[in-house]
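Enquirer: As input, take work34.txt (compact mmCIF, C-alpha atoms and all ligand atoms):
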# COMPACT_ATOMS: atom_id res chain seq x y z
CA MET A 1 34.05 178.59 92.44
CA ALA A 2 33.81 175.68 90.03
CA ASN A 3 31.94 172.55 91.07
CA LEU A 4 34.22 169.61 90.38
CA GLN A 5 32.20 167.03 92.31
CA LEU A 6 31.87 163.69 90.48
CA THR A 7 28.29 162.39 90.67
CA ASP A 8 26.67 159.01 90.02
CA ASP A 9 24.04 160.36 87.62
CA VAL A 10 24.59 159.31 84.02
CA PRO A 11 22.95 161.85 81.68
CA ALA A 12 20.94 160.76 78.64
CA VAL A 13 23.57 162.33 76.34
CA ALA A 14 26.22 159.83 77.49
CA ASP A 15 27.84 157.76 74.73
CA ASP A 16 29.02 154.37 75.95
CA GLY A 17 29.29 155.76 79.49
CA VAL A 18 31.25 158.90 78.49
CA TRP A 19 30.01 162.48 78.42
CA LEU A 20 31.18 166.08 78.92
CA THR A 21 30.11 168.24 81.86
CA CYS A 22 30.53 171.98 82.30
CA ILE A 23 32.41 172.59 85.55
CA GLU A 24 30.62 175.92 86.07
CA CYS A 25 26.91 175.32 85.35
CA GLY A 26 26.81 171.51 85.36
CA GLU A 27 25.26 171.17 81.88
CA SER A 28 26.08 167.87 80.16
CA PHE A 29 26.87 167.27 76.50
CA ALA A 30 27.30 164.29 74.19
CA PRO A 31 31.06 163.71 73.88
CA PHE A 32 31.67 163.16 70.16
CA GLU A 33 28.57 164.26 68.26
CA GLU A 34 29.69 167.84 67.80
CA VAL A 35 32.98 169.63 68.31
CA ARG A 36 32.96 171.82 71.41
CA TYR A 37 35.66 172.92 73.84
CA THR A 38 33.65 174.99 76.30
CA CYS A 39 30.05 175.09 77.53
CA ASP A 40 27.41 176.22 74.98
CA ASP A 41 25.46 177.92 77.76
CA CYS A 42 28.02 179.67 79.98
CA ASP A 43 31.40 179.18 78.21
CA GLY A 44 32.75 177.31 81.26
CA LEU A 45 35.46 174.64 80.95
CA LEU A 46 34.32 171.11 80.13
CA GLU A 47 35.40 167.89 81.78
CA ALA A 48 35.09 164.31 80.51
CA ARG A 49 33.02 162.16 82.84
CA TYR A 50 32.50 158.40 83.04
CA ALA A 51 29.71 156.13 84.22
CA ASP A 52 32.31 153.65 85.53
CA LEU A 53 35.59 154.54 87.19
CA PRO A 54 38.21 151.78 87.18
CA THR A 55 40.21 150.30 90.03
CA PHE A 56 43.98 149.73 89.86
CA ASP A 57 43.53 146.04 89.08
CA GLU A 58 41.77 146.88 85.81
CA PHE A 59 44.92 148.36 84.32
CA GLU A 60 47.14 146.21 82.12
CA GLY A 61 49.95 146.73 79.66
CA GLU A 62 52.33 149.67 79.56
CA GLY A 63 52.19 153.39 78.85
CA VAL A 64 49.19 155.67 78.45
CA TRP A 65 46.91 152.93 77.06
CA ARG A 66 47.56 150.75 80.10
CA TYR A 67 44.94 153.06 81.60
CA SER A 68 42.35 152.69 78.82
CA ALA A 69 39.73 151.78 81.44
CA ALA A 70 40.09 155.38 82.69
CA LEU A 71 40.05 156.86 79.15
CA PRO A 72 37.33 157.40 76.53
CA PHE A 73 38.80 154.82 74.11
CA GLU A 74 40.59 151.47 74.18
CA GLU A 75 43.45 152.68 71.99
CA GLY A 76 44.67 155.70 70.09
CA VAL A 77 47.24 157.09 67.68
CA SER A 78 50.30 155.93 69.58
CA LEU A 79 54.09 156.27 69.21
CA PRO A 80 53.93 154.85 72.05
CA GLU A 81 53.97 157.22 75.04
CA GLY A 82 54.02 157.18 78.83
CA HIS A 83 55.80 154.65 81.09
CA THR A 84 58.38 157.31 81.90
CA PRO A 85 61.03 156.81 84.61
CA LEU A 86 60.52 157.80 88.23
CA HIS A 87 64.18 158.59 88.88
CA ARG A 88 65.91 158.36 92.23
CA VAL A 89 68.06 161.43 92.86
CA PRO A 90 69.91 160.61 96.11
CA ARG A 91 72.18 163.67 96.26
CA LEU A 92 69.32 166.08 95.67
CA GLU A 93 67.14 164.17 98.13
CA GLU A 94 69.83 164.51 100.80
CA GLU A 95 70.52 168.17 100.04
CA VAL A 96 66.88 169.26 99.96
CA GLY A 97 66.22 167.16 103.05
CA VAL A 98 62.97 165.28 102.55
CA ARG A 99 62.08 161.71 103.47
CA SER A 100 62.12 160.72 99.81
CA LEU A 101 62.44 162.55 96.50
CA ARG A 102 61.69 161.06 93.10
CA VAL A 103 61.72 162.74 89.71
CA LYS A 104 59.08 161.74 87.17
CA HIS A 105 60.86 162.55 83.92
CA GLU A 106 58.25 163.26 81.28
CA GLY A 107 61.02 164.35 78.92
CA MET A 108 61.38 160.62 78.15
CA ASN A 109 58.19 160.56 76.08
CA PRO A 110 58.55 160.06 72.28
CA THR A 111 58.69 163.75 71.36
CA GLY A 112 60.39 164.66 74.64
CA SER A 113 57.55 166.09 76.70
CA PHE A 114 54.38 165.10 78.58
CA LYS A 115 52.29 166.55 75.76
CA ASP A 116 52.45 163.18 73.98
CA ARG A 117 50.14 161.69 76.60
CA GLY A 118 47.50 164.25 75.78
CA MET A 119 47.96 164.01 72.03
CA THR A 120 47.57 160.23 71.81
CA VAL A 121 44.05 160.66 73.23
CA GLY A 122 43.30 164.04 71.62
CA VAL A 123 44.15 162.91 68.09
CA ARG A 124 42.08 159.76 68.61
CA VAL A 125 39.10 161.97 69.51
CA ALA A 126 39.79 164.17 66.48
CA GLN A 127 39.43 161.05 64.31
CA GLU A 128 36.20 160.16 66.10
CA VAL A 129 34.60 163.56 65.53
CA GLY A 130 35.92 163.56 61.97
CA VAL A 131 37.86 166.80 61.68
CA GLY A 132 40.47 167.66 59.08
CA ARG A 133 43.03 170.16 60.30
CA LEU A 134 44.52 169.97 63.80
CA ALA A 135 45.78 173.17 65.40
CA CYS A 136 47.36 174.56 68.54
CA ALA A 137 49.03 177.62 69.96
CA SER A 138 52.25 176.68 71.66
CA THR A 139 55.31 177.69 73.58
CA GLY A 140 56.87 174.80 71.65
CA ASN A 141 56.26 171.37 73.14
CA THR A 142 52.59 171.13 72.27
CA SER A 143 53.45 172.01 68.67
CA ALA A 144 56.12 169.28 68.51
CA ALA A 145 53.71 166.69 69.90
CA LEU A 146 50.81 167.79 67.72
CA ALA A 147 52.99 167.68 64.61
CA ALA A 148 54.26 164.17 65.38
CA TYR A 149 50.88 162.68 66.35
CA GLY A 150 49.13 164.47 63.48
CA ALA A 151 51.71 163.05 61.08
CA ARG A 152 51.25 159.60 62.55
CA GLY A 153 47.48 159.91 62.16
CA GLY A 154 47.83 161.22 58.60
CA MET A 155 46.29 164.59 59.44
CA GLU A 156 47.15 168.18 58.54
CA THR A 157 48.62 170.26 61.40
CA LEU A 158 48.85 173.99 61.99
CA VAL A 159 50.77 175.57 64.87
CA LEU A 160 50.93 179.19 66.02
CA LEU A 161 54.07 180.14 67.93
CA PRO A 162 55.19 183.36 69.62
CA ALA A 163 57.95 184.60 67.30
CA GLY A 164 61.44 184.46 68.78
CA LYS A 165 60.30 182.82 72.03
CA VAL A 166 60.33 179.12 71.20
CA ALA A 167 63.36 176.89 71.89
CA ALA A 168 65.20 175.58 68.82
CA GLY A 169 64.59 171.86 69.37
CA LYS A 170 60.84 172.30 69.47
CA ILE A 171 60.59 174.30 66.23
CA ALA A 172 62.84 171.74 64.52
CA GLN A 173 60.48 168.95 65.59
CA ALA A 174 57.34 170.74 64.41
CA ALA A 175 59.04 171.54 61.11
CA LEU A 176 60.31 168.04 60.38
CA HIS A 177 57.01 166.42 61.36
CA LYS A 178 55.45 168.57 58.64
CA ALA A 179 53.41 171.08 60.64
CA ARG A 180 52.58 174.37 59.00
CA ILE A 181 54.26 176.83 61.39
CA LEU A 182 52.99 180.38 61.78
CA GLU A 183 55.14 182.72 63.88
CA VAL A 184 53.00 185.39 65.49
CA ASP A 185 54.31 188.74 66.60
CA GLY A 186 52.83 188.31 70.07
CA ASN A 187 52.99 186.09 73.12
CA PHE A 188 51.56 182.60 73.69
CA ASP A 189 48.29 183.88 75.15
CA GLU A 190 47.66 185.94 72.03
CA CYS A 191 48.43 182.94 69.82
CA LEU A 192 45.85 180.96 71.80
CA ASP A 193 43.25 183.72 71.33
CA ILE A 194 43.69 183.36 67.56
CA VAL A 195 43.59 179.55 67.54
CA GLN A 196 40.41 179.63 69.65
CA ASP A 197 38.88 181.98 67.06
CA LEU A 198 39.89 179.63 64.25
CA ALA A 199 38.40 176.67 66.15
CA ASP A 200 35.16 178.57 66.83
CA ARG A 201 34.88 179.29 63.11
CA GLY A 202 35.29 175.59 62.33
CA GLU A 203 38.65 176.10 60.62
CA ALA A 204 40.58 173.69 62.82
CA TYR A 205 40.30 171.21 65.69
CA LEU A 206 41.90 172.74 68.75
CA LEU A 207 44.35 170.57 70.65
CA ASN A 208 45.50 172.91 73.38
CA SER A 209 44.80 171.83 76.94
CA LEU A 210 41.49 173.66 76.74
CA ASN A 211 40.45 170.48 74.94
CA PRO A 212 39.13 168.29 77.77
CA PHE A 213 40.24 165.04 76.12
CA ARG A 214 43.88 166.03 76.07
CA LEU A 215 43.79 166.28 79.86
CA GLU A 216 42.41 162.73 80.02
CA GLY A 217 45.66 161.48 78.52
CA GLN A 218 47.74 163.61 80.87
CA LYS A 219 45.84 162.14 83.82
CA THR A 220 47.94 159.00 83.30
CA ILE A 221 51.01 160.79 84.73
CA GLY A 222 49.24 160.66 88.07
CA LEU A 223 48.23 157.01 87.69
CA GLU A 224 51.82 155.99 86.89
CA ILE A 225 53.18 157.95 89.85
CA MET A 226 50.66 156.45 92.26
CA GLU A 227 51.27 152.88 91.11
CA GLU A 228 55.06 153.04 91.09
CA HIS A 229 55.40 154.99 94.32
CA TYR A 230 53.14 152.51 96.09
CA GLU A 231 55.14 149.61 94.72
CA ASP A 232 58.44 151.14 95.89
CA TYR A 233 57.43 152.53 99.29
CA GLY A 234 54.10 150.87 100.19
CA GLU A 235 52.49 154.33 100.26
CA TYR A 236 51.48 157.15 97.96
CA PRO A 237 53.54 160.37 97.75
CA ASP A 238 52.63 163.19 100.13
CA ARG A 239 53.21 165.83 97.51
CA ILE A 240 53.69 166.36 93.78
CA VAL A 241 55.54 169.51 92.67
CA LEU A 242 55.09 170.51 89.04
CA PRO A 243 55.88 173.38 86.67
CA VAL A 244 52.76 175.37 85.75
CA GLY A 245 51.97 177.27 82.57
CA ASN A 246 48.43 176.86 81.31
CA ALA A 247 47.75 174.68 84.38
CA GLY A 248 46.59 171.74 82.26
CA ASN A 249 48.70 169.19 84.10
CA THR A 250 47.61 170.52 87.47
CA ALA A 251 43.99 170.12 86.37
CA ALA A 252 44.68 166.64 84.94
CA LEU A 253 46.38 165.38 88.11
CA TYR A 254 43.57 166.72 90.28
CA LYS A 255 41.05 164.88 88.09
CA CYS A 256 43.12 161.70 88.38
CA PHE A 257 42.96 161.90 92.17
CA ARG A 258 39.26 162.79 92.33
CA GLU A 259 38.51 159.74 90.21
CA LEU A 260 40.67 157.47 92.36
CA VAL A 261 38.86 158.72 95.48
CA LYS A 262 35.46 158.27 93.83
CA ALA A 263 36.42 154.72 92.76
CA GLY A 264 37.35 153.97 96.38
CA GLU A 265 41.01 153.27 95.51
CA ILE A 266 42.46 155.99 97.75
CA THR A 267 41.11 158.09 100.61
CA GLU A 268 41.00 161.89 100.50
CA GLU A 269 43.88 161.90 102.98
CA GLN A 270 46.00 159.93 100.51
CA VAL A 271 45.68 162.52 97.75
CA PRO A 272 49.09 164.13 97.14
CA LYS A 273 49.30 167.86 97.75
CA LEU A 274 49.44 169.53 94.34
CA THR A 275 52.14 172.17 94.40
CA GLY A 276 52.71 174.42 91.41
CA ALA A 277 55.93 176.21 90.47
CA GLN A 278 55.98 179.17 88.08
CA ALA A 279 58.69 181.50 86.84
CA GLU A 280 58.66 184.87 88.62
CA GLY A 281 58.11 186.66 85.32
CA ALA A 282 54.98 184.62 84.50
CA ALA A 283 53.26 183.75 87.76
CA PRO A 284 49.51 184.49 87.63
CA MET A 285 48.65 181.21 89.39
CA VAL A 286 50.99 181.99 92.26
CA GLU A 287 49.44 185.43 92.53
CA ALA A 288 45.91 183.95 92.69
CA ILE A 289 46.92 181.40 95.35
CA GLU A 290 48.74 183.99 97.47
CA GLU A 291 45.90 186.51 97.23
CA GLY A 292 43.16 183.91 97.72
CA ASN A 293 41.47 184.72 94.39
CA ASP A 294 39.10 182.37 92.55
CA GLU A 295 40.37 183.61 89.20
CA THR A 296 43.74 184.52 87.77
CA ARG A 297 44.56 187.99 86.46
CA ARG A 298 45.85 187.96 82.86
CA TRP A 299 49.47 189.14 82.83
CA GLU A 300 50.01 191.02 79.57
CA GLU A 301 53.79 191.20 79.99
CA VAL A 302 55.54 187.90 80.71
CA GLU A 303 59.20 186.97 80.55
CA THR A 304 61.37 184.05 81.63
CA ARG A 305 64.24 181.93 80.38
CA ALA A 306 61.88 178.98 80.86
CA THR A 307 60.06 179.81 77.61
CA ALA A 308 57.80 176.73 77.87
CA ILE A 309 55.97 178.37 80.78
CA ARG A 310 56.08 181.94 79.52
CA ILE A 311 52.29 182.20 79.92
CA GLY A 312 50.23 185.01 81.43
CA ASN A 313 46.69 183.65 81.15
CA PRO A 314 46.45 180.06 82.43
CA VAL A 315 43.24 178.88 80.78
CA ASN A 316 42.83 175.88 83.06
CA ALA A 317 42.95 177.95 86.24
CA PRO A 318 39.25 177.28 87.07
CA LYS A 319 40.11 173.56 87.30
CA ALA A 320 43.59 173.92 88.75
CA LEU A 321 43.08 176.50 91.52
CA PRO A 322 40.58 174.23 93.35
CA GLY A 323 43.00 171.34 92.75
CA ILE A 324 45.84 173.13 94.52
CA ARG A 325 43.62 174.37 97.35
CA GLU A 326 41.59 171.23 97.99
CA THR A 327 44.61 168.94 98.09
CA GLY A 328 46.33 171.21 100.63
CA GLY A 329 49.01 172.25 98.16
CA THR A 330 50.36 175.66 97.27
CA ALA A 331 52.13 177.56 94.49
CA VAL A 332 55.53 179.22 94.43
CA ALA A 333 57.41 181.55 92.08
CA VAL A 334 61.08 180.92 91.30
CA SER A 335 63.66 183.11 89.60
CA ASP A 336 65.42 182.24 86.35
CA GLU A 337 68.67 181.84 88.32
CA GLU A 338 67.02 179.34 90.68
CA ILE A 339 65.66 177.47 87.66
CA THR A 340 69.11 177.23 86.05
CA GLU A 341 70.69 176.08 89.31
CA ALA A 342 68.08 173.32 89.61
CA GLN A 343 68.61 172.37 85.96
CA ARG A 344 72.35 171.94 86.69
CA ASP A 345 71.63 169.92 89.83
CA LEU A 346 69.33 167.54 87.98
CA ALA A 347 71.91 167.21 85.21
CA GLY A 348 74.42 166.32 87.95
CA GLU A 349 72.22 163.33 88.74
CA GLY A 350 72.15 162.35 85.07
CA VAL A 351 68.67 163.75 84.51
CA GLY A 352 68.65 166.16 81.57
CA VAL A 353 65.72 168.58 81.52
CA GLU A 354 64.74 171.82 79.85
CA PRO A 355 64.52 174.98 82.02
CA ALA A 356 60.73 174.94 82.65
CA SER A 357 61.02 171.41 84.03
CA ALA A 358 63.62 172.43 86.58
CA ALA A 359 61.12 174.88 88.08
CA SER A 360 59.68 171.95 90.05
CA ILE A 361 62.99 171.26 91.81
CA ALA A 362 63.61 174.99 92.29
CA GLY A 363 60.13 175.31 93.80
CA LEU A 364 60.67 172.36 96.12
CA ARG A 365 63.94 173.85 97.35
CA LYS A 366 62.34 177.23 97.99
CA LEU A 367 59.39 175.75 99.87
CA ARG A 368 61.77 173.62 101.99
CA ASP A 369 63.78 176.77 102.83
CA ARG A 370 60.56 178.48 103.85
CA GLY A 371 59.53 175.50 105.96
CA VAL A 372 56.33 175.00 103.96
CA ILE A 373 57.42 171.51 102.88
CA GLU A 374 58.47 169.41 105.85
CA ASP A 375 61.44 167.11 106.17
CA ASP A 376 59.29 163.99 106.65
CA GLU A 377 57.46 164.37 103.36
CA SER A 378 57.75 162.05 100.40
CA VAL A 379 57.86 164.22 97.29
CA VAL A 380 57.65 163.61 93.55
CA CYS A 381 58.85 166.40 91.26
CA LEU A 382 57.61 166.40 87.70
CA THR A 383 60.12 167.28 84.99
CA THR A 384 58.08 168.01 81.91
CA GLY A 385 60.53 168.28 79.00
CA HIS A 386 63.89 166.92 77.80
CA LEU A 387 67.19 168.83 77.92
CA LEU A 388 67.55 168.66 74.11
CA LYS A 389 64.39 170.69 73.64
CA ASP A 390 66.33 173.83 74.44
CA PRO A 391 69.97 173.25 73.47
CA ASP A 392 70.85 176.94 73.82
CA ALA A 393 69.72 177.06 77.45
CA ALA A 394 71.59 173.82 78.17
CA ALA A 395 74.81 175.11 76.59
CA GLU A 396 74.53 178.34 78.54
CA ALA A 397 73.96 176.57 81.85
CA GLY A 398 76.71 173.99 81.30
CA ASN A 399 80.49 173.85 80.95
CA ASP A 400 82.17 175.75 78.12
CA PRO A 401 83.96 173.66 75.48
CA GLU A 402 87.75 174.30 75.54
CA PRO A 403 89.69 174.50 72.28
CA VAL A 404 92.81 172.37 72.16
CA ASP A 405 95.56 171.63 69.65
CA ASN A 406 95.31 168.41 67.68
CA SER A 407 97.73 166.22 69.77
CA THR A 408 97.75 164.02 72.86
CA GLU A 409 100.50 166.20 74.38
CA ALA A 410 98.34 169.30 74.04
CA VAL A 411 95.40 167.51 75.67
CA LEU A 412 97.58 166.32 78.56
CA ASP A 413 99.01 169.82 78.95
CA LEU A 414 95.53 171.21 79.22
CA LEU A 415 94.55 168.56 81.77
CA GLY A 416 97.63 169.50 83.79
CA GLU A 417 99.07 165.98 83.52
CA ASN A 418 102.38 167.05 81.94
N1 LIG B 501 56.63 172.30 81.21
C1 LIG B 501 56.84 172.26 79.89
C2 LIG B 501 58.14 171.73 79.40
C3 LIG B 501 55.84 172.73 79.01
O1 LIG B 501 56.06 172.69 77.71
C4 LIG B 501 54.64 173.26 79.54
C5 LIG B 501 53.61 173.78 78.68
C6 LIG B 501 54.49 173.26 80.94
C7 LIG B 501 55.49 172.76 81.73
C8 LIG B 501 53.26 173.77 81.58
O2 LIG B 501 52.25 172.82 81.56
O3 LIG B 501 50.39 174.18 80.68
O4 LIG B 501 49.98 172.00 81.76
O5 LIG B 501 50.70 173.96 83.12
N2 LIG B 501 53.76 173.97 77.45
C9 LIG B 501 52.68 174.36 76.51
C10 LIG B 501 53.18 174.28 75.09
C11 LIG B 501 52.01 175.61 76.86
O6 LIG B 501 52.67 174.98 74.24
O7 LIG B 501 54.06 173.46 74.83
P1 LIG B 501 50.73 173.27 81.81
Output the structure of this file as structure tokens.
Expert:
Amino acid sequence: MANLQLTDDVPAVADDGVWLTCIECGESFAPFEEVRYTCDDCDGLLEARYADLPTFDEFEGEGVWRYSAALPFEEGVSLPEGHTPLHRVPRLEEEVGVRSLRVKHEGMNPTGSFKDRGMTVGVRVAQEVGVGRLACASTGNTSAALAAYGARGGMETLVLLPAGKVAAGKIAQAALHKARILEVDGNFDECLDIVQDLADRGEAYLLNSLNPFRLEGQKTIGLEIMEEHYEDYGEYPDRIVLPVGNAGNTAALYKCFRELVKAGEITEEQVPKLTGAQAEGAAPMVEAIEEGNDETRRWEEVETRATAIRIGNPVNAPKALPGIRETGGTAVAVSDEEITEAQRDLAGEGVGVEPASAASIAGLRKLRDRGVIEDDESVVCLTTGHLLKDPDAAAEAGNDPEPVDNSTEAVLDLLGEN
């Protein structure tokens, strides 16, 4: 099991109080001297570490860079991102039956998903290490964010997508923001294998969530939730439910909470229970949690309408599984029908999300039905991407347009008013 303990020792390789540590063997590396994504010695995942961890009163401004004291840089390539709404959803709250329910809508970021938070930091690091071409494998949203932030930073971008399995809005974004788009006859995990190869050969700078700096940006989702929830209720949420694919966000939120505990800002008891939701057809994390495994099994065949989380090999599992377990959380699989129902229910509250995002609400509902989540809990559900990302799924889940003749009378007839 990975060792995710934060220590007080600052290694000699630290640069301005920042370094990288392997979560498996503990080896430390200079952060920006060379490009590396995993440990030179054991290939374990790397984590950014800091000599000083900030307290809440050190944060100022708005958005991701409000939290620069918790990030490796003061500013980055910004559009700007973060500062997303923490919606109230009173009808859903009442129906699901919890003490409070809020929806953190990450679809309100500049390119319509939480990936922007990671890219603003990741592209800044790419500039620091001085690389040319940026690349990612993607189920769609990462490619849209990479293309936009790469364009903003004046850098070349390359994205590998699973052919026929990426929602229309996301491809349109990557295309218009000038990414070179390669459609691979394979699934997301296979695209990521190729991009990792390219990165290892020095052909591109990898900006998937395997890149530890991207997760630093995504950590700010947790900081925003903690601050706003405390302001509204005088307490932190008991639980955060989130959709899981590569488990980057799960890992990022866990890191956020470990750092807050280490800084003395919250107690271990105040850490929200991290609760992952996956689609039934792509649920290796749920399998690992249910079977008590320290590793996930790679699912070669994956399928779900929630194409954003159509992932069989969650690369951040070594960081995320301890996060779910040590916070007292769990993971749950939901069907495509349950996802669509939750997508409609959120839309009925005015919150438009893509299918993968609705997995969080579907997961909450299922865990309430099973009695795993209790009625006195305060819950935040993360919705990760905007409705317009996947217009086909939205049209299918919503009302059908009705043709009508070109006259007021015909409209009134149809409405039954005549
Ligand atoms: N929700 C949405 C809308 C996503 O796009 C993704 C991941 C996730 C949830 C899962 O997040 O990987 O941190 O567990 N999308 C990636 C992509 C894989 O390529 O856009 P995770």
Enquirer: Measure the distance from atom CA of Gly107 of chain A to atom CA of Leu134 of chain A in Å and round it to one decimal.
Expert: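 Result for atom CA of Gly107 of chain A versus atom CA of Leu134 of chain A: 23.1 Å, one decimal.
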Enquirer: What do you get as a count of residues only if you pick all residues at most 6 Å from ligand LIG 501 (chain B), counting only C-alpha atoms and all ligand atoms?
Expert: 18
Enquirer: List the neighbours of Pro54 of chain A out to 9 Å using all atoms listed in the file; skip same-chain residues closer than 2 positions along the sequence, and give me the result as a PyMOL selection string.
Expert: chain A and resi 52+56-59+67+69-70+259-260+263+265
Enquirer: Ranking A:Leu242, A:Leu253, A:Val184, A:Leu161 by minimum distance to Ala333 of chain A and counting only C-alpha atoms, which one comes first?
Expert: A:Leu242
Enquirer: From the options A:Ala172, A:Ile373, A:Ala12, A:Ala393, which residue's atoms come nearest to Thr307 of chain A, counting all atoms listed in the file?
Expert: A:Ala393
Enquirer: Restricting the calculation to only C-alpha atoms: of A:Asn109, A:Gln343, A:Thr84, A:Ser407, which residue gets closest to Gly363 of chain A?
Expert: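 Counting only C-alpha atoms, the residue closest to Gly363 of chain A is A:Gln343.
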Enquirer: So how many Å separate atom CA of Cys256 of chain A and atom CA of Val380 of chain A, to one decimal?
Expert: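 Between atom CA of Cys256 of chain A and atom CA of Val380 of chain A the gap works out to 15.5 Å.
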Enquirer: If you take every atom of segment 28-37 of chain A that the file lists and fit an axis-aligned box around them with 6 Å extra on each side, what centre and edge lengths come out in Å to one decimal, as AutoDock Vina command-line options?
Expert:
--center_x 30.9 --center_y 168.0 --center_z 74.0 --size_x 21.6 --size_y 21.8 --size_z 24.4
Enquirer: Using all atoms listed in the file, which protein or nucleic acid residues come within 8 Å of segment 325-332 of chain A? Drop anything in the same chain fewer than 2 positions from it, and give the result as a PyMOL selection string.
Expert: chain A and resi 239+271-278+285-286+289-290+321-323+334+363+366-367
Enquirer: Could those selected residues go to a file with C-alpha atoms, as a PDB file, in the frame of the given file?
Expert:
ATOM      1  CA  ARG A 239      53.210 165.830  97.510  1.00  0.00           C
ATOM      2  CA  VAL A 271      45.680 162.520  97.750  1.00  0.00           C
ATOM      3  CA  PRO A 272      49.090 164.130  97.140  1.00  0.00           C
ATOM      4  CA  LYS A 273      49.300 167.860  97.750  1.00  0.00           C
ATOM      5  CA  LEU A 274      49.440 169.530  94.340  1.00  0.00           C
ATOM      6  CA  THR A 275      52.140 172.170  94.400  1.00  0.00           C
ATOM      7  CA  GLY A 276      52.710 174.420  91.410  1.00  0.00           C
ATOM      8  CA  ALA A 277      55.930 176.210  90.470  1.00  0.00           C
ATOM      9  CA  GLN A 278      55.980 179.170  88.080  1.00  0.00           C
ATOM     10  CA  MET A 285      48.650 181.210  89.390  1.00  0.00           C
ATOM     11  CA  VAL A 286      50.990 181.990  92.260  1.00  0.00           C
ATOM     12  CA  ILE A 289      46.920 181.400  95.350  1.00  0.00           C
ATOM     13  CA  GLU A 290      48.740 183.990  97.470  1.00  0.00           C
ATOM     14  CA  LEU A 321      43.080 176.500  91.520  1.00  0.00           C
ATOM     15  CA  PRO A 322      40.580 174.230  93.350  1.00  0.00           C
ATOM     16  CA  GLY A 323      43.000 171.340  92.750  1.00  0.00           C
ATOM     17  CA  VAL A 334      61.080 180.920  91.300  1.00  0.00           C
ATOM     18  CA  GLY A 363      60.130 175.310  93.800  1.00  0.00           C
ATOM     19  CA  LYS A 366      62.340 177.230  97.990  1.00  0.00           C
ATOM     20  CA  LEU A 367      59.390 175.750  99.870  1.00  0.00           C
TER      21      LEU A 367
END
Enquirer: Counting all atoms listed in the file, write as JSON, numbers by chain all protein and nucleic acid residues lying at most 7 Å from (34.9, 166.9, 89.3) in the file's frame.
Expert: {"A": [3, 4, 5, 6, 255, 258]}
Enquirer: Could you please give me, as a PyMOL selection string, the residues of protein, DNA or RNA lying at most 9 Å from (54.2, 170.5, 57.1) in the coordinate frame of the file, considering all atoms listed in the file?
Expert: chain A and resi 147+151+156-158+174-181
Enquirer: Quick check, in Å to one decimal: how far apart do atom CA of Ala306 of chain A and atom CA of Glu337 of chain A lie?
Expert: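 Spanning atom CA of Ala306 of chain A to atom CA of Glu337 of chain A is a straight-line distance of 10.5 Å.
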Enquirer: Go through segment 154-242 of chain A residue by residue and, counting all atoms listed in the file, keep those with an atom at most 12 Å from segment 23-46 of chain A; for each kept residue give the shortest atom pair and its distance in Å to one decimal, ordered by chain and increasing number, as JSON lines.
Expert:
{"residue": "A:Gln196", "atom": "CA", "partner": "A:Tyr37", "partner_atom": "CA", "distance": 9.2}
{"residue": "A:Asp197", "atom": "CA", "partner": "A:Tyr37", "partner_atom": "CA", "distance": 11.8}
{"residue": "A:Ala199", "atom": "CA", "partner": "A:Tyr37", "partner_atom": "CA", "distance": 9.0}
{"residue": "A:Asp200", "atom": "CA", "partner": "A:Arg36", "partner_atom": "CA", "distance": 8.4}
{"residue": "A:Arg201", "atom": "CA", "partner": "A:Val35", "partner_atom": "CA", "distance": 11.1}
{"residue": "A:Gly202", "atom": "CA", "partner": "A:Val35", "partner_atom": "CA", "distance": 8.8}
{"residue": "A:Glu203", "atom": "CA", "partner": "A:Val35", "partner_atom": "CA", "distance": 11.5}
{"residue": "A:Ala204", "atom": "CA", "partner": "A:Val35", "partner_atom": "CA", "distance": 10.2}
{"residue": "A:Tyr205", "atom": "CA", "partner": "A:Val35", "partner_atom": "CA", "distance": 7.9}
{"residue": "A:Leu206", "atom": "CA", "partner": "A:Tyr37", "partner_atom": "CA", "distance": 8.1}
{"residue": "A:Leu207", "atom": "CA", "partner": "A:Tyr37", "partner_atom": "CA", "distance": 9.6}
{"residue": "A:Asn208", "atom": "CA", "partner": "A:Tyr37", "partner_atom": "CA", "distance": 9.9}
{"residue": "A:Ser209", "atom": "CA", "partner": "A:Tyr37", "partner_atom": "CA", "distance": 9.7}
{"residue": "A:Leu210", "atom": "CA", "partner": "A:Tyr37", "partner_atom": "CA", "distance": 6.6}
{"residue": "A:Asn211", "atom": "CA", "partner": "A:Tyr37", "partner_atom": "CA", "distance": 5.5}
{"residue": "A:Pro212", "atom": "CA", "partner": "A:Leu46", "partner_atom": "CA", "distance": 6.1}
{"residue": "A:Phe213", "atom": "CA", "partner": "A:Leu46", "partner_atom": "CA", "distance": 9.4}
{"residue": "A:Arg214", "atom": "CA", "partner": "A:Tyr37", "partner_atom": "CA", "distance": 11.0}
{"residue": "A:Leu215", "atom": "CA", "partner": "A:Leu46", "partner_atom": "CA", "distance": 10.6}
{"residue": "A:Glu216", "atom": "CA", "partner": "A:Leu46", "partner_atom": "CA", "distance": 11.6}
